[in-house]
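Student: Attaching a single structure in structure tokens format; questions to follow.
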Amino acid sequence: MDEKDVELLSIVEEQGRLSEDQLAKMIALPADEVTKRLRCLEKDNVILGYSALVDWSKTEKAEPVTAAIDVKVTPTRGRGFDEVAERIYRYHEVKALYLMSGTYDLSVVIEGESMSEIARFVSEKLSTLESVISTTTHFQLKRYKHDGFIFVDEDDQDPRMVVSP
Amino acid sequence: MKTANTTHQPKLSQAVNSIEPSGIRRFFDLAASMDNIISLGVGEPDYSTPWNVREASIHSLERGLTAYTANAGLPELRKSISRYLLERFQLEYDAGNEVVVTVGASEGIDLALRSIVDPGDEVLVVEPCFVSYAPLVSLAGGTPVSVPTSIEADFMVEPDLLAEKVTDKTKAVMLSFPNNPTGAVMDNETMQRVAEVCIDHDLIVISDEIYAELSYDCDHQSVPILPGMHERTILISGFSKSFAMTGWRIGYVCAPPIYTEAMLKIHQYGMMCASTMAQYAALEALENGKDVMEEMIISYRQRRNYFVESLKESGLECHTPGGAFYAFPSIKKTGLTSAEFAEKLLIEERVAVVPGSVFGEGGEGHVRCSYAASMAQLEEATERIGRFVAKYLSGDVESR
């Protein structure tokens, strides 16, 4: 991993759709070299995937319901929080899972089709885990900004004059 | 209500009659009348001012900080500028009497010229350059003398040519690197030789370093840092380009007290002080905006790399611009003048670039393309330019 890899990663982290030819020119490397580096970074799980940020509220499809759940757990001897974390993150509904400092231990971000689906997940799957002591569920009401992108429609007209000195 | 029987004879000064409106204006009118244009004609960043800077200005308004400031600018802002120049460019300017906050770098250029030029004085203007230099020399009563640069010398000043242009009337030389419109930077050795010419002929140097931070391949070397240059240099800079603050109109001039005191006289009578809310914004930019600036610099550099390579692939000769956010490709082989090229490209392919000829001698045969645009726009624009150039090279023009 060298400086060029880091630069490549910083670019694709924000603009995952640039072509390898574009990336190559941007960081002044031959295109096949960029392809090779990307494949390496993917193989080593430095790049885990590529995705699009979708604003489902603008589509025909019903917007998914998202909740953040604060979970207090009892760590297990020898494996700490990892064991219970693994049992939680393997659920398909779990979109994100973090170990937190502060008044609770795990923050679980979960997505479902309805509030009741999420409620069911919490009561049937999450709370019943042996090491889970308590859960507090917070439903997301509105998404303003996610992963660095603003989800509220702003006037994105370029305010600049078309030609200026 | 109109009063009868009065006849007013318009009476304009000879000085203002002697200058032309900027050549960009006519081109702007044409471009502005068209839809769906990809514009590479913009001389400013494609970022909004960082939010913390905007927020600081809003907060200054909420606190009611709306009074005049000292003529030279807020003391804390001048101190911050002084510290910043020392840390970033190793320049030593006393916040007390060597820094004046101006209404953009543009006012700084005007102040510098008006405080040193007498009627009959010649000022060497290294061209191509920002459109205001020569007219401002004329308005100050002086005579601008062009010192052209060329793609063959990577648009750097040629020290011998500079020396040739010096007469016993020459008082000053105007430099601007990284350069608008060429994107050129001066290498240290050539700059050293330019400095020697200035010292040999005891010239004042007005160095417009508004793009200093946007230097991509090497650290920017500021003119006054060279031996013998500090005492003779008026340094112009500001926040417009590096902090994406063009509309705030906030900049500064730095020079030895003999010059700042002269400039301050003009500034205090002509302007009083720079806008107070903009000064608070500038203070925040210097104190807490440098991380965002660094991110912008990295992005400009990546887009520079991409755009210049793509331009070359489209068939145009282009030197590698070391700074600013412009490429200045040669369009000579199309057989068109730069004005024709820009106009036809606009009409036929809906891409706006600026004819090099509006930037003075040495600009003809080139167009200025700003790469302060999104990657998608740059990709589309270079594709269109490539198609356009291919058409004119193949002579397949009449068949359309």
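All residue names refer to the structure tokens as shown: chains lettered A, B, ... in order, residues numbered from 1 in each chain, ligands numbered from 1 in order.
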Need the shell around B:Ser60: protein/DNA/RNA residues with any atom at most 10 Å away, counting only C-alpha atoms. Skip same-chain ones fewer than 3 positions apart. Format as a ChimeraX atom specification?

Tutor: /B:54-57,63-66,276-281

Student: Write to file, as a compact mmCIF listing (two decimals), in the first residue's frame, the residues of the selection just made, with N, CA and C atoms.

Tutor:
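Contents of the output file part-v8.txt:
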```txt
# COMPACT_ATOMS: atom_id res chain seq x y z
N ARG B 54 -18.97 30.56 6.26
CA ARG B 54 -20.26 31.25 6.09
C ARG B 54 -20.92 31.44 7.44
N GLU B 55 -20.86 30.39 8.28
CA GLU B 55 -21.51 30.42 9.58
C GLU B 55 -20.88 31.50 10.47
N ALA B 56 -19.55 31.63 10.38
CA ALA B 56 -18.87 32.65 11.20
C ALA B 56 -19.34 34.05 10.81
N SER B 57 -19.58 34.23 9.52
CA SER B 57 -20.04 35.54 9.07
C SER B 57 -21.47 35.80 9.56
N ARG B 63 -24.19 38.91 16.20
CA ARG B 63 -23.59 39.63 17.33
C ARG B 63 -23.61 41.14 17.11
N GLY B 64 -24.10 41.55 15.96
CA GLY B 64 -24.19 42.99 15.69
C GLY B 64 -22.88 43.63 15.31
N LEU B 65 -21.95 42.84 14.78
CA LEU B 65 -20.64 43.40 14.41
C LEU B 65 -20.73 43.99 13.01
N THR B 66 -21.39 45.11 12.93
CA THR B 66 -21.70 45.68 11.62
C THR B 66 -21.10 47.07 11.43
N THR B 276 -17.12 44.44 6.75
CA THR B 276 -16.84 43.87 8.07
C THR B 276 -17.23 42.39 8.14
N MET B 277 -18.40 42.06 7.59
CA MET B 277 -18.83 40.65 7.68
C MET B 277 -17.90 39.74 6.87
N ALA B 278 -17.37 40.27 5.79
CA ALA B 278 -16.42 39.48 4.98
C ALA B 278 -15.10 39.32 5.73
N GLN B 279 -14.74 40.33 6.50
CA GLN B 279 -13.49 40.23 7.27
C GLN B 279 -13.60 39.15 8.35
N TYR B 280 -14.78 39.06 8.99
CA TYR B 280 -14.96 37.99 9.99
C TYR B 280 -14.95 36.62 9.32
N ALA B 281 -15.51 36.55 8.13
CA ALA B 281 -15.49 35.28 7.39
C ALA B 281 -14.04 34.90 7.07
```

Student: Kindly provide, as an mmCIF file with C-alpha atoms, in the first residue's frame, the residues of chain A having any atom no farther than 9 Å from an atom of chain B, counting only C-alpha atoms.

Tutor:
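Output (out.cif):
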```
data_model
loop_
_atom_site.group_PDB
_atom_site.id
_atom_site.type_symbol
_atom_site.label_atom_id
_atom_site.label_comp_id
_atom_site.auth_asym_id
_atom_site.auth_seq_id
_atom_site.Cartn_x
_atom_site.Cartn_y
_atom_site.Cartn_z
ATOM 1 C CA ILE A 11 -11.293 9.138 -4.760
ATOM 2 C CA LEU A 18 -15.409 6.869 -12.206
ATOM 3 C CA GLN A 22 -10.522 8.510 -15.559
ATOM 4 C CA LEU A 23 -8.959 7.356 -12.308
ATOM 5 C CA ALA A 24 -5.706 6.623 -14.102
ATOM 6 C CA LYS A 25 -5.485 10.123 -15.520
ATOM 7 C CA MET A 26 -6.430 11.704 -12.195
ATOM 8 C CA ILE A 27 -3.613 10.063 -10.293
ATOM 9 C CA ALA A 28 -1.192 9.963 -13.230
ATOM 10 C CA ASP A 158 -24.472 26.536 -10.397
ATOM 11 C CA ARG A 160 -21.576 31.154 -11.147
ATOM 12 C CA MET A 161 -21.772 33.261 -14.286
ATOM 13 C CA VAL A 162 -21.062 31.156 -17.386
ATOM 14 C CA VAL A 163 -17.989 33.193 -18.267
ATOM 15 C CA SER A 164 -15.920 35.308 -15.909
ATOM 16 C CA PRO A 165 -12.337 36.623 -15.885
#
```

Student: For B:Ile210, which residue out of B:Ala244, B:Leu316, B:Asp94, B:Met191 is the nearest one, using only C-alpha atoms?

Tutor: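 Counting only C-alpha atoms, the residue closest to B:Ile210 is B:Ala244.
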
Student: Fewer than 6 positions away in the same chain doesn't count, so skip those; otherwise give me all residues within 8 Å of B:Thr182, counting only C-alpha atoms, as a PyMOL selection string.

Tutor: chain B and resi 128-129+155+321+326-328+368

Student: Could you take the residues named above and write them with N, CA and C atoms, as an mmCIF file, in the first residue's frame?

Tutor:
```
data_model
loop_
_atom_site.group_PDB
_atom_site.id
_atom_site.type_symbol
_atom_site.label_atom_id
_atom_site.label_comp_id
_atom_site.auth_asym_id
_atom_site.auth_seq_id
_atom_site.Cartn_x
_atom_site.Cartn_y
_atom_site.Cartn_z
ATOM 1 N N PRO B 128 0.287 36.362 -21.264
ATOM 2 C CA PRO B 128 -1.111 36.605 -20.918
ATOM 3 C C PRO B 128 -1.281 36.745 -19.398
ATOM 4 N N CYS B 129 -2.283 37.528 -19.019
ATOM 5 C CA CYS B 129 -2.511 37.767 -17.595
ATOM 6 C C CYS B 129 -3.964 38.138 -17.356
ATOM 7 N N PHE B 155 5.185 29.250 -20.574
ATOM 8 C CA PHE B 155 4.533 30.482 -20.102
ATOM 9 C C PHE B 155 5.216 31.089 -18.883
ATOM 10 N N PRO B 321 -0.124 22.736 -16.771
ATOM 11 C CA PRO B 321 -0.227 23.900 -15.892
ATOM 12 C C PRO B 321 0.052 23.498 -14.447
ATOM 13 N N TYR B 326 -6.651 26.384 -14.443
ATOM 14 C CA TYR B 326 -6.830 26.585 -15.875
ATOM 15 C C TYR B 326 -5.856 25.751 -16.687
ATOM 16 N N ALA B 327 -6.331 25.284 -17.837
ATOM 17 C CA ALA B 327 -5.446 24.761 -18.865
ATOM 18 C C ALA B 327 -5.518 25.759 -20.016
ATOM 19 N N PHE B 328 -4.426 25.865 -20.763
ATOM 20 C CA PHE B 328 -4.335 26.895 -21.795
ATOM 21 C C PHE B 328 -3.817 26.247 -23.084
ATOM 22 N N ARG B 368 -8.546 29.569 -22.879
ATOM 23 C CA ARG B 368 -8.475 29.220 -21.465
ATOM 24 C C ARG B 368 -9.643 28.315 -21.097
#
```

Student: So which residues touch A:Arg37 within 10 Å, counting only C-alpha atoms, skipping near sequence neighbours fewer than 5 positions away, as a list in words?

Tutor: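 What passes the distance filter is Met1, Lys4, Asp5, Leu8, Ala31, Asp32, Glu42 and Lys43 of chain A.
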
Student: For a test of reading the model, state the distance in Å between atom CA of B:Cys273 and atom CA of B:Ser106, rounded to one decimal.

Tutor: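 Interatomic distance, atom CA of B:Cys273 to atom CA of B:Ser106: 14.3 Å.
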
Student: Need the shell around stretch 89-94 of chain A: protein/DNA/RNA residues with any atom at most 7 Å away, counting only C-alpha atoms. Skip same-chain ones fewer than 3 positions apart. Format as a ChimeraX atom specification?

Tutor: /A:85-86,97,108-112

Student: List the spatial neighbours of B:Ser215 as a list in words - criterion: any atom at most 7 Å away, only C-alpha atoms, same-chain residues fewer than 2 positions off excluded.

Tutor: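 Counting only the stated atoms, we get Pro178, Ala212, Glu213, Asp217, Cys218, Asp219, His220, Gly322, Gly323 and Ala324 of chain B.
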
Student: So which one's closest to B:Ser176, B:Gly228, B:Phe243, B:Ala105, B:Gly142? Using only C-alpha atoms, please.

Tutor: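 So, comparing all the options, the nearest one is B:Ala105.
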
Student: Give the answer as one residue: which of A:Asp70, A:Asp155, A:Glu83, A:Asp21 has the shortest atom-to-atom distance to A:Glu130, using only C-alpha atoms?

Tutor: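 Selected residue with least distance to A:Glu130: A:Glu83.
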
Student: Looking only at helix (DSSP H, G or I) from DSSP on the backbone, list the matching residues of stretch 64-232 of chain B as a ChimeraX atom specification.

Tutor: /B:75-89,104-116,133-139,151-153,159-165,188-200,223-225,230-232

Student: Can you list every residue in chain A that DSSP puts in strand (DSSP E or B), as an MDAnalysis selection string?

Tutor: chainID A and resid 65:73 76 80 94:99 106:112 132:139 145:146 149:150 163

Student: Can you write just those residues out, N, CA and C atoms, as a short mmCIF file (atom, residue, chain, number, x, y, z; two decimals), in the first residue's frame?

Tutor:
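Now in selection_20.cif:
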```cif
data_model
loop_
_atom_site.label_atom_id
_atom_site.label_comp_id
_atom_site.auth_asym_id
_atom_site.auth_seq_id
_atom_site.Cartn_x
_atom_site.Cartn_y
_atom_site.Cartn_z
N VAL A 65 -38.32 1.47 6.57
CA VAL A 65 -38.30 2.06 7.91
C VAL A 65 -36.94 1.74 8.52
N THR A 66 -36.31 2.75 9.08
CA THR A 66 -34.99 2.55 9.67
C THR A 66 -35.02 2.89 11.15
N ALA A 67 -34.36 2.07 11.93
CA ALA A 67 -34.27 2.36 13.37
C ALA A 67 -32.84 2.16 13.85
N ALA A 68 -32.48 2.94 14.86
CA ALA A 68 -31.20 2.73 15.54
C ALA A 68 -31.54 2.18 16.92
N ILE A 69 -30.94 1.07 17.25
CA ILE A 69 -31.26 0.43 18.53
C ILE A 69 -30.02 0.44 19.43
N ASP A 70 -30.20 1.02 20.62
CA ASP A 70 -29.11 0.99 21.60
C ASP A 70 -29.23 -0.31 22.36
N VAL A 71 -28.18 -1.08 22.39
CA VAL A 71 -28.26 -2.39 23.05
C VAL A 71 -27.21 -2.50 24.15
N LYS A 72 -27.68 -2.88 25.33
CA LYS A 72 -26.72 -3.19 26.42
C LYS A 72 -26.55 -4.69 26.46
N VAL A 73 -25.32 -5.14 26.52
CA VAL A 73 -25.09 -6.59 26.52
C VAL A 73 -24.07 -6.97 27.60
N THR A 76 -18.89 -11.71 26.68
CA THR A 76 -18.56 -13.08 27.09
C THR A 76 -17.09 -13.20 27.40
N GLY A 80 -15.22 -11.12 24.62
CA GLY A 80 -15.72 -9.76 24.80
C GLY A 80 -17.05 -9.56 24.07
N VAL A 94 -29.94 -6.21 9.55
CA VAL A 94 -29.01 -5.29 10.23
C VAL A 94 -28.10 -4.62 9.20
N LYS A 95 -28.24 -3.31 9.07
CA LYS A 95 -27.49 -2.57 8.06
C LYS A 95 -26.15 -2.08 8.60
N ALA A 96 -26.10 -1.86 9.90
CA ALA A 96 -24.85 -1.40 10.49
C ALA A 96 -24.81 -1.82 11.95
N LEU A 97 -23.62 -2.03 12.44
CA LEU A 97 -23.46 -2.40 13.84
C LEU A 97 -22.15 -1.82 14.35
N TYR A 98 -22.23 -1.10 15.47
CA TYR A 98 -21.03 -0.47 16.02
C TYR A 98 -20.94 -0.76 17.51
N LEU A 99 -19.73 -0.95 17.99
CA LEU A 99 -19.51 -0.99 19.43
C LEU A 99 -19.27 0.45 19.88
N LEU A 106 -23.80 -1.65 22.14
CA LEU A 106 -23.87 -1.83 20.70
C LEU A 106 -24.93 -0.91 20.09
N SER A 107 -24.62 -0.33 18.97
CA SER A 107 -25.60 0.45 18.23
C SER A 107 -25.94 -0.36 16.97
N VAL A 108 -27.20 -0.75 16.85
CA VAL A 108 -27.64 -1.57 15.73
C VAL A 108 -28.51 -0.72 14.82
N VAL A 109 -28.14 -0.62 13.54
CA VAL A 109 -29.01 0.09 12.61
C VAL A 109 -29.74 -0.97 11.80
N ILE A 110 -31.04 -0.89 11.82
CA ILE A 110 -31.83 -1.95 11.19
C ILE A 110 -32.85 -1.35 10.23
N GLU A 111 -33.08 -2.06 9.14
CA GLU A 111 -34.00 -1.57 8.13
C GLU A 111 -35.08 -2.61 7.93
N GLY A 112 -36.32 -2.14 7.82
CA GLY A 112 -37.42 -3.09 7.58
C GLY A 112 -38.50 -2.43 6.76
N VAL A 132 -28.01 -10.16 25.74
CA VAL A 132 -28.63 -8.84 25.66
C VAL A 132 -29.37 -8.51 26.96
N ILE A 133 -29.00 -7.37 27.54
CA ILE A 133 -29.63 -6.98 28.81
C ILE A 133 -30.83 -6.07 28.55
N SER A 134 -30.65 -5.10 27.62
CA SER A 134 -31.77 -4.20 27.34
C SER A 134 -31.63 -3.60 25.95
N THR A 135 -32.74 -3.12 25.42
CA THR A 135 -32.70 -2.44 24.11
C THR A 135 -33.52 -1.15 24.17
N THR A 136 -33.09 -0.14 23.43
CA THR A 136 -33.88 1.09 23.28
C THR A 136 -33.95 1.39 21.80
N THR A 137 -35.14 1.44 21.25
CA THR A 137 -35.28 1.58 19.80
C THR A 137 -35.66 3.01 19.41
N HIS A 138 -34.88 3.59 18.49
CA HIS A 138 -35.19 4.94 17.99
C HIS A 138 -35.50 4.84 16.51
N PHE A 139 -36.70 5.22 16.12
CA PHE A 139 -37.03 5.20 14.68
C PHE A 139 -36.57 6.48 14.00
N LYS A 145 -29.10 13.86 5.85
CA LYS A 145 -27.78 13.66 5.27
C LYS A 145 -27.33 12.25 5.62
N HIS A 146 -26.75 11.56 4.67
CA HIS A 146 -26.33 10.19 4.90
C HIS A 146 -25.05 9.95 4.11
N PHE A 149 -23.84 12.71 1.91
CA PHE A 149 -24.72 13.28 0.89
C PHE A 149 -25.98 13.86 1.52
N ILE A 150 -26.34 15.04 1.05
CA ILE A 150 -27.53 15.69 1.57
C ILE A 150 -28.76 15.17 0.82
N VAL A 163 -19.35 32.78 -17.90
CA VAL A 163 -17.99 33.19 -18.27
C VAL A 163 -17.59 34.33 -17.34
#
```

Student: Write out as a VMD selection string which residues come within 12 Å of A:Leu48 when counting only C-alpha atoms, dropping same-chain ones fewer than 5 positions away.

Tutor: chain A and resid 9 12 to 13 16 38 to 43

Student: Could you save the residues just selected, with N, CA and C atoms, as a CSV table (one decimal), in the first residue's frame?

Tutor:
```csv
chain,number,residue,atom,x,y,z
A,9,LEU,N,-8.0,5.2,-3.2
A,9,LEU,CA,-9.1,4.9,-2.2
A,9,LEU,C,-9.9,6.2,-1.9
A,12,VAL,N,-12.2,6.9,-4.9
A,12,VAL,CA,-13.4,6.0,-5.1
A,12,VAL,C,-14.3,5.9,-3.9
A,13,GLU,N,-13.8,6.3,-2.8
A,13,GLU,CA,-14.7,6.3,-1.6
A,13,GLU,C,-15.8,7.3,-1.9
A,16,GLY,N,-17.5,6.5,-6.7
A,16,GLY,CA,-17.2,5.1,-7.0
A,16,GLY,C,-17.5,4.7,-8.4
A,38,LEU,N,-6.8,-1.7,-8.1
A,38,LEU,CA,-8.1,-1.9,-7.6
A,38,LEU,C,-8.4,-3.3,-7.3
A,39,ARG,N,-8.1,-4.3,-8.2
A,39,ARG,CA,-8.3,-5.7,-8.0
A,39,ARG,C,-7.6,-6.1,-6.7
A,40,CYS,N,-6.4,-5.7,-6.5
A,40,CYS,CA,-5.7,-6.0,-5.2
A,40,CYS,C,-6.4,-5.5,-4.0
A,41,LEU,N,-6.8,-4.3,-4.0
A,41,LEU,CA,-7.5,-3.7,-2.9
A,41,LEU,C,-8.9,-4.4,-2.6
A,42,GLU,N,-9.5,-4.8,-3.7
A,42,GLU,CA,-10.8,-5.6,-3.6
A,42,GLU,C,-10.5,-7.0,-2.9
A,43,LYS,N,-9.4,-7.6,-3.5
A,43,LYS,CA,-9.1,-8.9,-3.0
A,43,LYS,C,-8.7,-8.9,-1.5
```

Student: What does the structure give for the distance between atom CA of A:Asp82 and atom CA of A:Glu117, in Å to one decimal?

Tutor: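 Result for atom CA of A:Asp82 versus atom CA of A:Glu117: 25.8 Å, one decimal.
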
Student: When distances are computed from only C-alpha atoms, which of B:Met263, B:Leu203, B:Ile234, B:Val389 shows the smallest separation from B:Lys344?

Tutor: B:Val389

Student: Between atom CA of B:Leu77 and atom CA of B:Gly238, what is the distance, to one decimal in Å?

Tutor: 12.1 Å

Student: My list of candidates is A:Val152, A:Leu141, A:Ile88, A:Met100. Which is closest to A:Val122 when distances are computed with only C-alpha atoms?

Tutor: A:Ile88

Student: Go through B:Val53, B:Val125, B:Val101, B:Ile385 one by one, measure the shortest atom-to-atom distance of each to B:Glu76 using only C-alpha atoms, and give the residue with the smallest value.

Tutor: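 Checking each of B:Val53, B:Val125, B:Val101, B:Ile385 against B:Glu76, counting only C-alpha atoms, the winner is B:Val101.
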